[in-house]
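Undergrad: Sharing query-v6.pdb (PDB, C-alpha atoms) below.
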ATOM      1  CA  MET A   2     -18.356 -67.811  74.659  1.00  0.00           C
ATOM      2  CA  LYS A   3     -16.676 -64.939  76.471  1.00  0.00           C
ATOM      3  CA  LEU A   4     -13.863 -64.949  73.886  1.00  0.00           C
ATOM      4  CA  VAL A   5     -16.402 -64.768  71.042  1.00  0.00           C
ATOM      5  CA  SER A   6     -18.106 -61.799  72.713  1.00  0.00           C
ATOM      6  CA  ILE A   7     -14.804 -59.956  73.080  1.00  0.00           C
ATOM      7  CA  ALA A   8     -13.859 -60.676  69.455  1.00  0.00           C
ATOM      8  CA  LEU A   9     -17.251 -59.453  68.259  1.00  0.00           C
ATOM      9  CA  ALA A  10     -16.943 -56.260  70.303  1.00  0.00           C
ATOM     10  CA  LEU A  11     -13.505 -55.576  68.814  1.00  0.00           C
ATOM     11  CA  LEU A  12     -14.801 -56.227  65.314  1.00  0.00           C
ATOM     12  CA  VAL A  13     -17.714 -53.808  65.727  1.00  0.00           C
ATOM     13  CA  THR A  14     -15.413 -51.148  67.192  1.00  0.00           C
ATOM     14  CA  GLY A  15     -12.916 -51.639  64.374  1.00  0.00           C
ATOM     15  CA  CYS A  16     -15.566 -51.293  61.681  1.00  0.00           C
ATOM     16  CA  ALA A  17     -16.712 -47.992  63.136  1.00  0.00           C
ATOM     17  CA  THR A  18     -13.242 -46.548  62.503  1.00  0.00           C
ATOM     18  CA  PHE A  19     -13.488 -47.072  58.740  1.00  0.00           C
ATOM     19  CA  LYS A  20     -15.512 -43.889  58.217  1.00  0.00           C
ATOM     20  CA  ASN A  21     -13.709 -41.209  56.200  1.00  0.00           C
ATOM     21  CA  THR A  22     -12.666 -37.940  57.800  1.00  0.00           C
ATOM     22  CA  PRO A  23     -14.071 -34.721  56.326  1.00  0.00           C
ATOM     23  CA  GLN A  24     -10.617 -34.017  54.855  1.00  0.00           C
ATOM     24  CA  GLN A  25     -10.661 -37.380  53.065  1.00  0.00           C
ATOM     25  CA  ASP A  26     -14.173 -36.788  51.745  1.00  0.00           C
ATOM     26  CA  TYR A  27     -13.056 -33.375  50.466  1.00  0.00           C
ATOM     27  CA  VAL A  28     -10.092 -34.779  48.536  1.00  0.00           C
ATOM     28  CA  TRP A  29     -12.233 -37.587  47.082  1.00  0.00           C
ATOM     29  CA  ALA A  30     -14.860 -35.015  46.019  1.00  0.00           C
ATOM     30  CA  MET A  31     -12.209 -32.946  44.234  1.00  0.00           C
ATOM     31  CA  TRP A  32     -10.916 -36.145  42.626  1.00  0.00           C
ATOM     32  CA  ASP A  33     -14.415 -36.963  41.367  1.00  0.00           C
ATOM     33  CA  ILE A  34     -14.445 -33.612  39.532  1.00  0.00           C
ATOM     34  CA  CYS A  35     -10.967 -34.098  38.066  1.00  0.00           C
ATOM     35  CA  LYS A  36     -11.332 -37.673  36.909  1.00  0.00           C
ATOM     36  CA  VAL A  37     -14.176 -36.736  34.562  1.00  0.00           C
ATOM     37  CA  SER A  38     -12.553 -33.489  33.381  1.00  0.00           C
ATOM     38  CA  GLY A  39     -10.862 -35.095  30.371  1.00  0.00           C
ATOM     39  CA  ARG A  40      -7.619 -33.240  31.113  1.00  0.00           C
ATOM     40  CA  PHE A  41      -5.711 -36.481  31.730  1.00  0.00           C
ATOM     41  CA  ASN A  42      -6.237 -40.229  31.552  1.00  0.00           C
ATOM     42  CA  ALA A  43      -7.705 -41.162  34.954  1.00  0.00           C
ATOM     43  CA  GLY A  44      -7.190 -44.833  34.152  1.00  0.00           C
ATOM     44  CA  ILE A  45      -3.437 -44.317  34.018  1.00  0.00           C
ATOM     45  CA  ALA A  46      -2.848 -41.764  36.802  1.00  0.00           C
ATOM     46  CA  TYR A  47      -5.207 -41.650  39.746  1.00  0.00           C
ATOM     47  CA  ILE A  48      -5.600 -40.946  43.444  1.00  0.00           C
ATOM     48  CA  ASP A  49      -4.762 -44.213  45.132  1.00  0.00           C
ATOM     49  CA  ARG A  50      -5.469 -43.354  48.759  1.00  0.00           C
ATOM     50  CA  VAL A  51      -6.103 -40.373  51.010  1.00  0.00           C
ATOM     51  CA  GLU A  52      -4.714 -40.128  54.534  1.00  0.00           C
ATOM     52  CA  ALA A  53      -6.970 -39.038  57.395  1.00  0.00           C
ATOM     53  CA  ASP A  54      -5.447 -35.530  57.271  1.00  0.00           C
ATOM     54  CA  GLY A  55      -6.246 -35.184  53.544  1.00  0.00           C
ATOM     55  CA  ARG A  56      -2.846 -36.020  52.074  1.00  0.00           C
ATOM     56  CA  ALA A  57      -3.423 -37.783  48.771  1.00  0.00           C
ATOM     57  CA  TRP A  58      -1.260 -40.470  47.210  1.00  0.00           C
ATOM     58  CA  SER A  59      -1.257 -41.097  43.508  1.00  0.00           C
ATOM     59  CA  GLY A  60      -0.987 -44.385  41.719  1.00  0.00           C
ATOM     60  CA  GLY A  61      -0.656 -45.297  38.123  1.00  0.00           C
ATOM     61  CA  THR A  62       0.875 -47.334  35.389  1.00  0.00           C
ATOM     62  CA  SER A  63       4.665 -47.022  35.313  1.00  0.00           C
ATOM     63  CA  GLY A  64       5.868 -44.849  32.475  1.00  0.00           C
ATOM     64  CA  PRO A  65       2.610 -43.399  31.118  1.00  0.00           C
ATOM     65  CA  ALA A  66       1.596 -42.166  34.573  1.00  0.00           C
ATOM     66  CA  GLU A  67       4.609 -39.852  34.623  1.00  0.00           C
ATOM     67  CA  ILE A  68       3.029 -37.965  31.715  1.00  0.00           C
ATOM     68  CA  GLU A  69      -0.490 -37.986  33.187  1.00  0.00           C
ATOM     69  CA  ARG A  70       0.351 -37.022  36.796  1.00  0.00           C
ATOM     70  CA  PRO A  71       1.262 -33.341  36.221  1.00  0.00           C
ATOM     71  CA  PRO A  72      -2.110 -32.471  34.622  1.00  0.00           C
ATOM     72  CA  MET A  73      -3.854 -34.604  37.263  1.00  0.00           C
ATOM     73  CA  TRP A  74      -2.238 -32.663  40.136  1.00  0.00           C
ATOM     74  CA  ALA A  75      -2.817 -29.367  38.310  1.00  0.00           C
ATOM     75  CA  CYS A  76      -6.516 -30.208  38.162  1.00  0.00           C
ATOM     76  CA  MET A  77      -6.580 -31.148  41.861  1.00  0.00           C
ATOM     77  CA  HIS A  78      -4.888 -27.872  42.858  1.00  0.00           C
ATOM     78  CA  GLU A  79      -7.287 -25.934  40.640  1.00  0.00           C
ATOM     79  CA  GLN A  80     -10.256 -27.611  42.343  1.00  0.00           C
ATOM     80  CA  TYR A  81      -8.793 -26.842  45.785  1.00  0.00           C
ATOM     81  CA  LYS A  82      -8.687 -23.159  44.787  1.00  0.00           C
ATOM     82  CA  LEU A  83     -12.162 -23.170  43.224  1.00  0.00           C
ATOM     83  CA  HIS A  84     -13.683 -25.047  46.157  1.00  0.00           C
ATOM     84  CA  PRO A  85     -11.773 -24.136  49.349  1.00  0.00           C
ATOM     85  CA  TYR A  86     -12.113 -26.715  52.106  1.00  0.00           C
ATOM     86  CA  GLN A  87     -13.963 -24.480  54.578  1.00  0.00           C
ATOM     87  CA  GLN A  88     -16.442 -23.375  51.906  1.00  0.00           C
ATOM     88  CA  TRP A  89     -16.946 -26.993  50.773  1.00  0.00           C
ATOM     89  CA  LEU A  90     -17.435 -28.098  54.372  1.00  0.00           C
ATOM     90  CA  LYS A  91     -20.230 -25.546  54.904  1.00  0.00           C
ATOM     91  CA  THR A  92     -22.143 -26.872  51.895  1.00  0.00           C
ATOM     92  CA  ARG A  93     -22.114 -30.488  53.113  1.00  0.00           C
TER
END
Can you give me the file's structure in the form of structure tokens?
TA:
Amino acid sequence: MKLVSIALALLVTGCATFKNTPQQDYVWAMWDICKVSGRFNAGIAYIDRVEADGRAWSGGTSGPAEIERPPMWACMHEQYKLHPYQQWLKTR
């Protein structure tokens, strides 16, 4: 019974760490704008994951993604300029 209690406590603590950081939420919000922009095929090139510090990793279909990634990253950088992190954070 004691072992079950310890395991449950670890599970609850572990689940609490799955919340995104503000930097992650910011990158995902910028991605949400870009993926519907129509400037690239978001089904071929996409943001795969975002690190806790906001670094984004792209994924995609080999070959076609190489064509779609440059406009995808251009859109992301444009959104970062249009919606600076500190300004975005204040509006949350």
Undergrad: Taking into account only C-alpha atoms, which residue in the set A:Lys20, A:Arg56, A:Lys36, A:Arg50 is nearest to A:Gln80?
TA: A:Lys36
Undergrad: Please identify all polymer residues within 12 Å of stretch 89-91 of chain A, counting all atoms listed in the file, omitting same-chain residues fewer than 2 positions from it, and present them as a ChimeraX atom specification.
TA: /A:22-28,30-31,80-87,93
Undergrad: Between atom CA of A:Ala43 and atom CA of A:Ile68, what is the spacing in Å?
TA: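 Distance between the two atoms: 11.7 Å.
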Undergrad: To one decimal place, how far is atom CA of A:Pro65 from atom CA of A:Ile48 in Å?
TA: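 Distance reported for this atom pair: 15.0 Å.
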Undergrad: Using all atoms listed in the file for the distances, tell me which of A:Asp54, A:Met77, A:Thr92, A:Gly64 is nearest to A:Asp33.
TA: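 Checking each candidate against A:Asp33, we get A:Met77 as the closest.
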Undergrad: My list of candidates is A:Gln88, A:Ala53, A:Glu69, A:His78. Which is closest to A:Gly39 when distances are computed with all atoms listed in the file?
TA: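 For A:Gly39, the nearest of the given residues is A:Glu69.
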Undergrad: Would you work out the distance separating atom CA of A:Val37 from atom CA of A:Pro72, expressed in Å to one decimal?
TA: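 Value for the atom CA of A:Val37-atom CA of A:Pro72 distance: 12.8 Å.
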Undergrad: Restricting the calculation to only C-alpha atoms: of A:Asn21, A:Ser63, A:Trp32, A:Ala75, which residue gets closest to A:Asp49?
TA: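 Closest candidate: A:Trp32.
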Undergrad: Fewer than 6 positions away in the same chain doesn't count, so skip those; otherwise give me all residues within 10 Å of A:Phe41, counting only C-alpha atoms, as a PyMOL selection string.
TA: chain A and resi 35+47+66+68-74+76
Undergrad: Please complete stretch 48-64 of chain A so it has N, CA and C atoms, and hand it over as a short mmCIF file (atom, residue, chain, number, x, y, z; two decimals), in the coordinates of the input.
TA:
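Listing of result14.cif after writing:
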data_model
loop_
_atom_site.label_atom_id
_atom_site.label_comp_id
_atom_site.auth_asym_id
_atom_site.auth_seq_id
_atom_site.Cartn_x
_atom_site.Cartn_y
_atom_site.Cartn_z
N ILE A 48 -5.80 -41.03 42.00
CA ILE A 48 -5.60 -40.95 43.44
C ILE A 48 -5.80 -42.35 43.99
N ASP A 49 -4.78 -42.84 44.64
CA ASP A 49 -4.76 -44.21 45.13
C ASP A 49 -5.35 -44.31 46.54
N ARG A 50 -4.95 -43.37 47.39
CA ARG A 50 -5.47 -43.35 48.76
C ARG A 50 -5.34 -41.95 49.32
N VAL A 51 -6.13 -41.68 50.36
CA VAL A 51 -6.10 -40.37 51.01
C VAL A 51 -5.97 -40.61 52.50
N GLU A 52 -4.95 -40.01 53.10
CA GLU A 52 -4.71 -40.13 54.53
C GLU A 52 -5.81 -39.38 55.29
N ALA A 53 -5.94 -39.67 56.57
CA ALA A 53 -6.97 -39.04 57.40
C ALA A 53 -6.86 -37.52 57.41
N ASP A 54 -5.64 -36.99 57.26
CA ASP A 54 -5.45 -35.53 57.27
C ASP A 54 -5.62 -34.90 55.89
N GLY A 55 -5.98 -35.70 54.87
CA GLY A 55 -6.25 -35.18 53.54
C GLY A 55 -5.09 -35.30 52.57
N ARG A 56 -3.96 -35.83 53.01
CA ARG A 56 -2.85 -36.02 52.07
C ARG A 56 -3.20 -37.13 51.10
N ALA A 57 -3.06 -36.82 49.81
CA ALA A 57 -3.42 -37.78 48.77
C ALA A 57 -2.17 -38.44 48.20
N TRP A 58 -2.32 -39.70 47.83
CA TRP A 58 -1.26 -40.47 47.21
C TRP A 58 -1.73 -40.89 45.83
N SER A 59 -0.87 -40.73 44.86
CA SER A 59 -1.26 -41.10 43.51
C SER A 59 -0.71 -42.47 43.15
N GLY A 60 -1.41 -43.11 42.26
CA GLY A 60 -0.99 -44.38 41.72
C GLY A 60 -1.03 -44.28 40.21
N GLY A 61 -0.58 -45.32 39.57
CA GLY A 61 -0.66 -45.30 38.12
C GLY A 61 0.24 -46.32 37.48
N THR A 62 0.08 -46.43 36.19
CA THR A 62 0.88 -47.33 35.39
C THR A 62 2.26 -46.74 35.20
N SER A 63 3.29 -47.51 35.48
CA SER A 63 4.66 -47.02 35.31
C SER A 63 4.87 -46.51 33.90
N GLY A 64 5.60 -45.44 33.79
CA GLY A 64 5.87 -44.85 32.48
C GLY A 64 4.79 -43.87 32.07
#
